[in-house]
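What follows is the content of query06.pdb, which has PDB, C-alpha atoms and all ligand atoms:
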ATOM      1  CA  MET A 141     -13.293  11.756 -10.688  1.00  0.00           C
ATOM      2  CA  GLN A 142     -14.686  14.953  -9.118  1.00  0.00           C
ATOM      3  CA  ALA A 143     -15.294  13.090  -5.835  1.00  0.00           C
ATOM      4  CA  GLY A 144     -11.646  11.945  -5.821  1.00  0.00           C
ATOM      5  CA  ILE A 145     -10.376  15.491  -6.388  1.00  0.00           C
ATOM      6  CA  HIS A 146     -12.622  16.801  -3.607  1.00  0.00           C
ATOM      7  CA  GLU A 147     -11.342  14.112  -1.215  1.00  0.00           C
ATOM      8  CA  MET A 148      -7.688  14.950  -1.959  1.00  0.00           C
ATOM      9  CA  GLU A 149      -8.326  18.677  -1.571  1.00  0.00           C
ATOM     10  CA  GLU A 150     -10.005  18.016   1.788  1.00  0.00           C
ATOM     11  CA  SER A 151      -6.964  15.961   2.909  1.00  0.00           C
ATOM     12  CA  MET A 152      -4.662  18.850   2.009  1.00  0.00           C
ATOM     13  CA  LYS A 153      -6.843  21.333   3.923  1.00  0.00           C
ATOM     14  CA  LYS A 154      -6.998  19.085   7.014  1.00  0.00           C
ATOM     15  CA  MET A 155      -3.232  18.631   6.984  1.00  0.00           C
ATOM     16  CA  LYS A 156      -2.714  22.347   6.242  1.00  0.00           C
ATOM     17  CA  ARG A 157      -0.503  21.603   3.245  1.00  0.00           C
ATOM     18  CA  GLN A 158      -0.042  23.512  -0.025  1.00  0.00           C
ATOM     19  CA  CYS A 159       2.140  20.650  -1.248  1.00  0.00           C
ATOM     20  CA  MET A 160       1.717  17.000  -0.197  1.00  0.00           C
ATOM     21  CA  ASP A 161       4.869  14.854  -0.181  1.00  0.00           C
ATOM     22  CA  LEU A 162       3.065  11.643  -1.166  1.00  0.00           C
ATOM     23  CA  MET A 163      -0.451  11.034  -2.487  1.00  0.00           C
ATOM     24  CA  GLN A 164      -1.465   7.379  -2.798  1.00  0.00           C
ATOM     25  CA  ILE A 165      -4.389   5.773  -4.600  1.00  0.00           C
ATOM     26  CA  HIS A 166      -5.913   3.622  -1.854  1.00  0.00           C
ATOM     27  CA  ASN A 167      -6.601  -0.046  -2.669  1.00  0.00           C
ATOM     28  CA  LEU A 168      -6.304   0.731  -6.402  1.00  0.00           C
ATOM     29  CA  VAL A 169      -9.812   2.224  -6.339  1.00  0.00           C
ATOM     30  CA  ASP A 170     -10.510   3.845  -9.754  1.00  0.00           C
ATOM     31  CA  TRP A 171      -6.774   4.103 -10.292  1.00  0.00           C
ATOM     32  CA  LYS A 172      -7.088   4.661 -14.053  1.00  0.00           C
ATOM     33  CA  THR A 173      -9.227   7.715 -13.376  1.00  0.00           C
ATOM     34  CA  HIS A 174      -7.108   9.149 -10.545  1.00  0.00           C
ATOM     35  CA  LEU A 175      -3.634   8.667 -11.992  1.00  0.00           C
ATOM     36  CA  PRO A 176      -3.877  11.356 -14.731  1.00  0.00           C
ATOM     37  CA  GLN A 177      -5.159  13.859 -12.144  1.00  0.00           C
ATOM     38  CA  LEU A 178      -2.314  13.033  -9.766  1.00  0.00           C
ATOM     39  CA  ARG A 179       0.144  13.518 -12.619  1.00  0.00           C
ATOM     40  CA  ARG A 180      -1.316  16.970 -13.337  1.00  0.00           C
ATOM     41  CA  TRP A 181      -0.982  17.867  -9.648  1.00  0.00           C
ATOM     42  CA  LYS A 182       2.598  16.615  -9.591  1.00  0.00           C
ATOM     43  CA  GLU A 183       3.477  18.754 -12.622  1.00  0.00           C
ATOM     44  CA  ALA A 184       1.842  21.736 -10.912  1.00  0.00           C
ATOM     45  CA  GLY A 185       3.931  21.138  -7.758  1.00  0.00           C
ATOM     46  CA  LYS A 186       0.914  20.234  -5.582  1.00  0.00           C
ATOM     47  CA  ILE A 187       2.304  16.787  -4.789  1.00  0.00           C
ATOM     48  CA  ARG A 188       5.870  15.479  -4.873  1.00  0.00           C
ATOM     49  CA  TYR A 189       5.331  11.740  -5.241  1.00  0.00           C
ATOM     50  CA  ILE A 190       2.567   9.443  -6.520  1.00  0.00           C
ATOM     51  CA  GLY A 191       1.806   5.975  -5.136  1.00  0.00           C
ATOM     52  CA  ILE A 192      -0.656   3.089  -5.249  1.00  0.00           C
ATOM     53  CA  THR A 193      -1.619   0.797  -2.349  1.00  0.00           C
ATOM     54  CA  HIS A 194      -3.148  -2.567  -1.531  1.00  0.00           C
ATOM     55  CA  SER A 195      -2.854  -5.035   1.331  1.00  0.00           C
ATOM     56  CA  THR A 196      -3.601  -8.550   0.051  1.00  0.00           C
ATOM     57  CA  ASP A 197      -1.396 -11.182  -1.579  1.00  0.00           C
ATOM     58  CA  SER A 198      -3.943 -11.487  -4.398  1.00  0.00           C
ATOM     59  CA  SER A 199      -3.304  -7.847  -5.395  1.00  0.00           C
ATOM     60  CA  HIS A 200       0.449  -8.286  -5.925  1.00  0.00           C
ATOM     61  CA  GLU A 201       0.182  -9.361  -9.551  1.00  0.00           C
ATOM     62  CA  GLU A 202      -1.885  -6.306 -10.424  1.00  0.00           C
ATOM     63  CA  LEU A 203       0.421  -3.973  -8.466  1.00  0.00           C
ATOM     64  CA  GLU A 204       3.368  -5.293 -10.463  1.00  0.00           C
ATOM     65  CA  ARG A 205       1.492  -4.959 -13.757  1.00  0.00           C
ATOM     66  CA  ILE A 206       0.648  -1.323 -12.991  1.00  0.00           C
ATOM     67  CA  MET A 207       4.226  -0.560 -11.874  1.00  0.00           C
ATOM     68  CA  ARG A 208       5.493  -1.909 -15.174  1.00  0.00           C
ATOM     69  CA  SER A 209       3.023   0.032 -17.320  1.00  0.00           C
ATOM     70  CA  GLU A 210       2.870   3.369 -15.447  1.00  0.00           C
ATOM     71  CA  LYS A 211       5.523   5.638 -14.003  1.00  0.00           C
ATOM     72  CA  LEU A 212       5.054   5.513 -10.219  1.00  0.00           C
ATOM     73  CA  ASP A 213       7.168   6.787  -7.328  1.00  0.00           C
ATOM     74  CA  PHE A 214       5.816   4.544  -4.518  1.00  0.00           C
ATOM     75  CA  VAL A 215       4.006   1.240  -4.106  1.00  0.00           C
ATOM     76  CA  GLN A 216       2.493   0.174  -0.754  1.00  0.00           C
ATOM     77  CA  PHE A 217       1.666  -3.470  -0.020  1.00  0.00           C
ATOM     78  CA  ASN A 218       1.512  -6.160   2.708  1.00  0.00           C
ATOM     79  CA  TYR A 219       4.598  -8.069   3.776  1.00  0.00           C
ATOM     80  CA  SER A 220       5.642  -9.696   7.046  1.00  0.00           C
ATOM     81  CA  ILE A 221       7.813 -12.500   8.382  1.00  0.00           C
ATOM     82  CA  THR A 222       4.912 -14.953   8.101  1.00  0.00           C
ATOM     83  CA  TYR A 223       3.252 -13.552   4.954  1.00  0.00           C
ATOM     84  CA  ARG A 224       6.173 -13.518   2.538  1.00  0.00           C
ATOM     85  CA  HIS A 225       4.317 -13.577  -0.792  1.00  0.00           C
ATOM     86  CA  ALA A 226       5.893 -10.209  -1.782  1.00  0.00           C
ATOM     87  CA  GLU A 227       9.289 -11.951  -1.810  1.00  0.00           C
ATOM     88  CA  LYS A 228       8.234 -14.015  -4.832  1.00  0.00           C
ATOM     89  CA  ARG A 229       8.273 -11.113  -7.356  1.00  0.00           C
ATOM     90  CA  LEU A 230       6.920  -7.798  -6.116  1.00  0.00           C
ATOM     91  CA  LEU A 231       9.862  -6.592  -4.027  1.00  0.00           C
ATOM     92  CA  ALA A 232      12.371  -7.421  -6.769  1.00  0.00           C
ATOM     93  CA  ALA A 233      10.158  -5.776  -9.405  1.00  0.00           C
ATOM     94  CA  ALA A 234       9.984  -2.556  -7.361  1.00  0.00           C
ATOM     95  CA  ALA A 235      13.768  -2.534  -6.952  1.00  0.00           C
ATOM     96  CA  ASP A 236      14.321  -3.148 -10.688  1.00  0.00           C
ATOM     97  CA  LEU A 237      11.959  -0.331 -11.615  1.00  0.00           C
ATOM     98  CA  GLY A 238      13.314   2.080  -8.993  1.00  0.00           C
ATOM     99  CA  VAL A 239       9.932   2.344  -7.223  1.00  0.00           C
ATOM    100  CA  ALA A 240      10.070   3.066  -3.468  1.00  0.00           C
ATOM    101  CA  THR A 241       8.162   0.613  -1.236  1.00  0.00           C
ATOM    102  CA  ILE A 242       5.979   1.129   1.854  1.00  0.00           C
ATOM    103  CA  ILE A 243       5.091  -2.016   3.799  1.00  0.00           C
ATOM    104  CA  ASN A 244       1.693  -2.348   5.494  1.00  0.00           C
ATOM    105  CA  ARG A 245       0.390  -5.133   7.787  1.00  0.00           C
ATOM    106  CA  PRO A 246       3.952  -5.737   9.146  1.00  0.00           C
ATOM    107  CA  PHE A 247       2.522  -7.569  12.202  1.00  0.00           C
ATOM    108  CA  ALA A 248      -0.191  -9.288  10.134  1.00  0.00           C
ATOM    109  CA  GLU A 249      -2.722  -7.061  11.932  1.00  0.00           C
ATOM    110  CA  GLY A 250      -1.279  -8.037  15.311  1.00  0.00           C
ATOM    111  CA  SER A 251      -1.623 -11.811  14.795  1.00  0.00           C
ATOM    112  CA  LEU A 252       2.184 -12.248  14.904  1.00  0.00           C
ATOM    113  CA  PHE A 253       2.208 -11.304  18.592  1.00  0.00           C
ATOM    114  CA  LYS A 254      -0.350 -14.044  19.311  1.00  0.00           C
ATOM    115  CA  LYS A 255       1.828 -16.545  17.439  1.00  0.00           C
ATOM    116  CA  VAL A 256       4.878 -15.800  19.626  1.00  0.00           C
ATOM    117  CA  LYS A 257       3.031 -15.415  22.941  1.00  0.00           C
ATOM    118  CA  ASP A 258       5.077 -17.120  25.691  1.00  0.00           C
ATOM    119  CA  LYS A 259       7.747 -18.140  23.164  1.00  0.00           C
ATOM    120  CA  PRO A 260      11.390 -17.164  23.727  1.00  0.00           C
ATOM    121  CA  LEU A 261      13.269 -14.808  21.436  1.00  0.00           C
ATOM    122  CA  PRO A 262      16.294 -16.695  20.125  1.00  0.00           C
ATOM    123  CA  ALA A 263      19.516 -15.682  21.897  1.00  0.00           C
ATOM    124  CA  TRP A 264      21.180 -14.751  18.577  1.00  0.00           C
ATOM    125  CA  ALA A 265      18.570 -11.993  18.004  1.00  0.00           C
ATOM    126  CA  GLN A 266      20.503  -9.792  20.473  1.00  0.00           C
ATOM    127  CA  GLU A 267      23.450  -9.653  18.048  1.00  0.00           C
ATOM    128  CA  TYR A 268      21.253  -7.604  15.701  1.00  0.00           C
ATOM    129  CA  ASP A 269      19.782  -5.308  18.373  1.00  0.00           C
ATOM    130  CA  MET A 270      16.490  -7.207  18.405  1.00  0.00           C
ATOM    131  CA  ASP A 271      15.505  -7.501  22.050  1.00  0.00           C
ATOM    132  CA  SER A 272      11.743  -7.698  21.548  1.00  0.00           C
ATOM    133  CA  TRP A 273       9.433  -9.503  19.143  1.00  0.00           C
ATOM    134  CA  SER A 274       8.331  -6.219  17.553  1.00  0.00           C
ATOM    135  CA  LEU A 275      11.970  -5.428  16.647  1.00  0.00           C
ATOM    136  CA  PHE A 276      12.414  -8.971  15.336  1.00  0.00           C
ATOM    137  CA  PHE A 277       9.387  -8.576  13.035  1.00  0.00           C
ATOM    138  CA  LEU A 278      10.188  -5.041  11.880  1.00  0.00           C
ATOM    139  CA  LYS A 279      13.910  -5.627  11.290  1.00  0.00           C
ATOM    140  CA  TYR A 280      13.061  -8.657   9.166  1.00  0.00           C
ATOM    141  CA  ILE A 281      11.165  -6.288   6.868  1.00  0.00           C
ATOM    142  CA  LEU A 282      13.530  -3.315   7.009  1.00  0.00           C
ATOM    143  CA  SER A 283      16.536  -5.487   6.183  1.00  0.00           C
ATOM    144  CA  HIS A 284      15.096  -6.496   2.810  1.00  0.00           C
ATOM    145  CA  PRO A 285      17.090  -4.448   0.272  1.00  0.00           C
ATOM    146  CA  ALA A 286      13.961  -3.426  -1.665  1.00  0.00           C
ATOM    147  CA  VAL A 287      12.102  -2.036   1.379  1.00  0.00           C
ATOM    148  CA  THR A 288      12.045   1.753   1.778  1.00  0.00           C
ATOM    149  CA  CYS A 289       9.641   2.189   4.696  1.00  0.00           C
ATOM    150  CA  VAL A 290       7.402   0.192   7.047  1.00  0.00           C
ATOM    151  CA  ILE A 291       4.190   1.506   8.650  1.00  0.00           C
ATOM    152  CA  PRO A 292       3.234  -0.495  11.772  1.00  0.00           C
ATOM    153  CA  ALA A 293      -0.097   0.540  13.302  1.00  0.00           C
ATOM    154  CA  THR A 294      -0.605   1.066  17.025  1.00  0.00           C
ATOM    155  CA  GLY A 295      -2.877   2.948  19.385  1.00  0.00           C
ATOM    156  CA  ASN A 296      -0.424   2.445  22.237  1.00  0.00           C
ATOM    157  CA  SER A 297       2.362   4.995  22.882  1.00  0.00           C
ATOM    158  CA  VAL A 298       4.623   2.387  24.565  1.00  0.00           C
ATOM    159  CA  HIS A 299       4.338   0.191  21.471  1.00  0.00           C
ATOM    160  CA  ALA A 300       5.011   3.196  19.199  1.00  0.00           C
ATOM    161  CA  ALA A 301       8.232   3.999  21.112  1.00  0.00           C
ATOM    162  CA  GLU A 302       9.271   0.342  20.862  1.00  0.00           C
ATOM    163  CA  ASN A 303       8.540   0.117  17.137  1.00  0.00           C
ATOM    164  CA  VAL A 304      10.531   3.257  16.317  1.00  0.00           C
ATOM    165  CA  LYS A 305      13.651   1.529  17.680  1.00  0.00           C
ATOM    166  CA  ALA A 306      13.609  -0.761  14.638  1.00  0.00           C
ATOM    167  CA  GLY A 307      15.114   2.148  12.718  1.00  0.00           C
ATOM    168  CA  THR A 308      18.275   2.009  14.815  1.00  0.00           C
ATOM    169  CA  GLY A 309      21.114  -0.450  15.444  1.00  0.00           C
ATOM    170  CA  LYS A 310      22.248  -3.406  13.368  1.00  0.00           C
ATOM    171  CA  LEU A 311      20.207  -5.048  10.617  1.00  0.00           C
ATOM    172  CA  PRO A 312      20.447  -8.742   9.747  1.00  0.00           C
ATOM    173  CA  GLY A 313      21.894  -9.851   6.410  1.00  0.00           C
ATOM    174  CA  GLU A 314      20.477 -12.422   4.006  1.00  0.00           C
ATOM    175  CA  GLU A 315      21.625 -15.533   5.903  1.00  0.00           C
ATOM    176  CA  VAL A 316      20.234 -14.292   9.217  1.00  0.00           C
ATOM    177  CA  ARG A 317      16.964 -13.256   7.560  1.00  0.00           C
ATOM    178  CA  LYS A 318      16.527 -16.876   6.406  1.00  0.00           C
ATOM    179  CA  LYS A 319      17.242 -18.059   9.940  1.00  0.00           C
ATOM    180  CA  MET A 320      14.646 -15.608  11.330  1.00  0.00           C
ATOM    181  CA  ALA A 321      11.914 -16.790   8.948  1.00  0.00           C
ATOM    182  CA  GLY A 322      12.784 -20.428   9.696  1.00  0.00           C
ATOM    183  CA  TYR A 323      12.615 -19.789  13.436  1.00  0.00           C
ATOM    184  CA  ILE A 324       9.113 -18.329  13.123  1.00  0.00           C
ATOM    185  CA  ASP A 325       7.940 -21.092  10.747  1.00  0.00           C
ATOM    186  CA  ASN A 326       9.044 -23.714  13.296  1.00  0.00           C
ATOM    187  CA  LEU A 327       7.768 -21.943  16.421  1.00  0.00           C
ATOM    188  CA  SER A 328       4.929 -24.343  17.061  1.00  0.00           C
ATOM    189  CA  PHE A 329       7.535 -27.073  17.582  1.00  0.00           C
ATOM    190  CA  LEU A 330       9.377 -25.149  20.330  1.00  0.00           C
TER     191      LEU A 330
HETATM  192  N1  LIG A 401      -4.646  -0.572   1.400  1.00  0.00           N
HETATM  193  C1  LIG A 401      -3.997   0.129   2.280  1.00  0.00           C
HETATM  194  O1  LIG A 401      -3.542   1.206   1.955  1.00  0.00           O
HETATM  195  C2  LIG A 401      -3.825  -0.397   3.671  1.00  0.00           C
HETATM  196  C3  LIG A 401      -4.450  -1.567   4.090  1.00  0.00           C
HETATM  197  C4  LIG A 401      -4.216  -2.051   5.393  1.00  0.00           C
HETATM  198  C5  LIG A 401      -3.421  -1.333   6.265  1.00  0.00           C
HETATM  199  N2  LIG A 401      -2.854  -0.167   5.826  1.00  0.00           N
HETATM  200  C6  LIG A 401      -2.010   0.598   6.745  1.00  0.00           C
HETATM  201  O2  LIG A 401      -0.973  -0.238   7.223  1.00  0.00           O
HETATM  202  C7  LIG A 401      -0.625   0.126   8.536  1.00  0.00           C
HETATM  203  C8  LIG A 401      -0.503  -1.157   9.331  1.00  0.00           C
HETATM  204  O3  LIG A 401      -1.713  -1.507   9.892  1.00  0.00           O
HETATM  205  P1  LIG A 401      -2.403  -2.908  10.090  1.00  0.00           P
HETATM  206  O4  LIG A 401      -3.676  -2.605  10.719  1.00  0.00           O
HETATM  207  O5  LIG A 401      -2.423  -3.630   8.827  1.00  0.00           O
HETATM  208  O6  LIG A 401      -1.611  -3.756  11.154  1.00  0.00           O
HETATM  209  P2  LIG A 401      -0.168  -4.144  11.717  1.00  0.00           P
HETATM  210  O7  LIG A 401       0.729  -2.945  11.788  1.00  0.00           O
HETATM  211  O8  LIG A 401       0.295  -5.367  11.018  1.00  0.00           O
HETATM  212  O9  LIG A 401      -0.630  -4.573  13.209  1.00  0.00           O
HETATM  213  C9  LIG A 401      -1.223  -3.672  14.088  1.00  0.00           C
HETATM  214  C10 LIG A 401      -1.494  -4.435  15.401  1.00  0.00           C
HETATM  215  O10 LIG A 401      -0.246  -4.722  16.045  1.00  0.00           O
HETATM  216  C11 LIG A 401      -0.303  -4.301  17.410  1.00  0.00           C
HETATM  217  N3  LIG A 401       1.008  -3.761  17.783  1.00  0.00           N
HETATM  218  C12 LIG A 401       1.692  -2.741  17.193  1.00  0.00           C
HETATM  219  N4  LIG A 401       2.889  -2.556  17.777  1.00  0.00           N
HETATM  220  C13 LIG A 401       2.969  -3.468  18.786  1.00  0.00           C
HETATM  221  C14 LIG A 401       3.973  -3.784  19.753  1.00  0.00           C
HETATM  222  N5  LIG A 401       5.142  -3.112  19.790  1.00  0.00           N
HETATM  223  N6  LIG A 401       3.728  -4.769  20.648  1.00  0.00           N
HETATM  224  C15 LIG A 401       2.553  -5.468  20.614  1.00  0.00           C
HETATM  225  N7  LIG A 401       1.558  -5.219  19.704  1.00  0.00           N
HETATM  226  C16 LIG A 401       1.765  -4.233  18.798  1.00  0.00           C
HETATM  227  C17 LIG A 401      -1.363  -3.220  17.446  1.00  0.00           C
HETATM  228  O11 LIG A 401      -1.983  -3.216  18.723  1.00  0.00           O
HETATM  229  P3  LIG A 401      -1.815  -1.931  19.696  1.00  0.00           P
HETATM  230  O12 LIG A 401      -2.673  -0.856  19.111  1.00  0.00           O
HETATM  231  O13 LIG A 401      -2.314  -2.454  20.999  1.00  0.00           O
HETATM  232  O14 LIG A 401      -0.367  -1.569  19.722  1.00  0.00           O
HETATM  233  C18 LIG A 401      -2.347  -3.666  16.370  1.00  0.00           C
HETATM  234  O15 LIG A 401      -3.276  -4.596  16.903  1.00  0.00           O
HETATM  235  C19 LIG A 401      -1.641   1.149   9.008  1.00  0.00           C
HETATM  236  O16 LIG A 401      -1.046   2.427   8.942  1.00  0.00           O
HETATM  237  C20 LIG A 401      -2.758   1.033   7.977  1.00  0.00           C
HETATM  238  O17 LIG A 401      -3.421   2.254   7.740  1.00  0.00           O
HETATM  239  C21 LIG A 401      -3.033   0.302   4.562  1.00  0.00           C
END
Could the structure of this file be written out as structure tokens, please?
Ligand SMILES: NC(=O)c1ccc[n+]([C@@H]2O[C@H](COP(=O)([O-])OP(=O)(O)OC[C@H]3O[C@@H](n4cnc5c(N)ncnc54)[C@H](OP(=O)(O)O)[C@@H]3O)[C@@H](O)[C@H]2O)c1
Amino acid sequence: MQAGIHEMEESMKKMKRQCMDLMQIHNLVDWKTHLPQLRRWKEAGKIRYIGITHSTDSSHEELERIMRSEKLDFVQFNYSITYRHAEKRLLAAAADLGVATIINRPFAEGSLFKKVKDKPLPAWAQEYDMDSWSLFFLKYILSHPAVTCVIPATGNSVHAAENVKAGTGKLPGEEVRKKMAGYIDNLSFL
């Protein structure tokens, strides 16, 4: 527990913050130990929101169980147009419980770009302001009603500028989202 407190205090020093907006328990490591401490810090005004994270489909059941038994503000997990396991229960559970969601691995660690290499974007994507594959992948996620935020990773400033555009323009509705997932599922046949 002391090591966890030290690590969080170091993060606050490095980021020069007296109050951290969101503190997340990474990969559920020792979450039962850290949660009471985070609650004390929240009460003291040192942090505003508390969250838990993981990034594998096999963690979703546990994330849901914890959300249902503990009061949390945020849950972070993996979800993308090809890895849609979170659509089975987790996204709906977060919405029901009023827990904000942060989506990691939105490009399946970059593998989605390999999947669509040399493949055409469908013409209808333009109607929803998706003129690149990154916008197609990110808008699929952002248009889910239970998604609060998506955190694509990049070390490339051109990619970062492209990805930010997903926060603007039109978003697809439910019918178009189904069409998008179907298009990607059938890509190998194009
Ligand atoms: N348990 C956890 O809390 C947990 C676990 C895993 C990940 N995360 C977080 O989730 C976030 C997502 O990271 P991730 O590593 O899982 O991968 P990701 O966002 O699914 O994919 C990142 C890959 O996509 C490429 N990429 C990004 N934008 C692109 C674009 N516009 N065009 C072409 N390629 C593009 C990047 O390459 P370039 O660098 O060349 O752009 C990189 O190889 C990170 O912030 C990470 O810290 C959290």
Test item: residues no farther than 6 Å from ligand LIG 401 (chain A), counting all atoms listed in the file, as JSON, numbers by chain
{"A": [166, 167, 193, 194, 195, 244, 245, 246, 247, 248, 249, 250, 274, 291, 292, 293, 294, 295, 296, 299, 302, 303]}
Taking into account only C-alpha atoms, which residue in the set A:Lys153, A:His284, A:Lys310, A:Lys186 is nearest to A:Asp271?
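The shortest atom-to-atom distance to A:Asp271 comes from A:Lys310.
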As a ChimeraX atom specification, please: the residues near A:Leu237 (cut-off 8 Å, only C-alpha atoms, same-chain neighbours under 3 positions excluded).
/A:207-208,233-234
Can you work out which one of A:Leu275, A:Asp258, A:Met160, A:Leu252 has the shortest atom-to-atom distance to A:Ala301, counting all atoms listed in the file?
A:Leu275
Quick one: which residues end up in the PyMOL selection byres (((chain A and resi 239) around 9) and not hetatm) for this structure, as an MDAnalysis selection string?
chainID A and resid 207 211:215 233:238 240:241 286
I need the chosen residues saved as a PDB file, in the frame of the given file, with C-alpha atoms.
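Written output follows (selection.pdb):
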ATOM      1  CA  MET A 207       4.226  -0.560 -11.874  1.00  0.00           C
ATOM      2  CA  LYS A 211       5.523   5.638 -14.003  1.00  0.00           C
ATOM      3  CA  LEU A 212       5.054   5.513 -10.219  1.00  0.00           C
ATOM      4  CA  ASP A 213       7.168   6.787  -7.328  1.00  0.00           C
ATOM      5  CA  PHE A 214       5.816   4.544  -4.518  1.00  0.00           C
ATOM      6  CA  VAL A 215       4.006   1.240  -4.106  1.00  0.00           C
ATOM      7  CA  ALA A 233      10.158  -5.776  -9.405  1.00  0.00           C
ATOM      8  CA  ALA A 234       9.984  -2.556  -7.361  1.00  0.00           C
ATOM      9  CA  ALA A 235      13.768  -2.534  -6.952  1.00  0.00           C
ATOM     10  CA  ASP A 236      14.321  -3.148 -10.688  1.00  0.00           C
ATOM     11  CA  LEU A 237      11.959  -0.331 -11.615  1.00  0.00           C
ATOM     12  CA  GLY A 238      13.314   2.080  -8.993  1.00  0.00           C
ATOM     13  CA  ALA A 240      10.070   3.066  -3.468  1.00  0.00           C
ATOM     14  CA  THR A 241       8.162   0.613  -1.236  1.00  0.00           C
ATOM     15  CA  ALA A 286      13.961  -3.426  -1.665  1.00  0.00           C
TER      16      ALA A 286
END
Given only C-alpha atoms as the basis, pick out the residue of A:Gly144, A:Asp269, A:Tyr223, A:Trp264 nearest to A:Ser251.
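Distance minimum relative to A:Ser251 lands on A:Tyr223.
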By how many Å are atom CA of A:Phe276 and atom CA of A:Val298 apart?
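One can read the atom CA of A:Phe276 to atom CA of A:Val298 distance as 16.6 Å.
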Name every residue that the PyMOL selection byres (((chain A and resi 265) around 12) and not hetatm) selects in this structure, writing the answer as a list in words with chains first and numbers rising.
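Applied to this file, the PyMOL selection byres (((chain A and resi 265) around 12) and not hetatm) returns Pro260, Leu261, Pro262, Ala263, Trp264, Gln266, Glu267, Tyr268, Asp269, Met270, Asp271, Ser272, Trp273, Ser274, Leu275, Phe276, Phe277, Lys279, Tyr280, Lys310, Leu311, Pro312, Val316, Arg317, Lys319, Met320 and Tyr323 of chain A.
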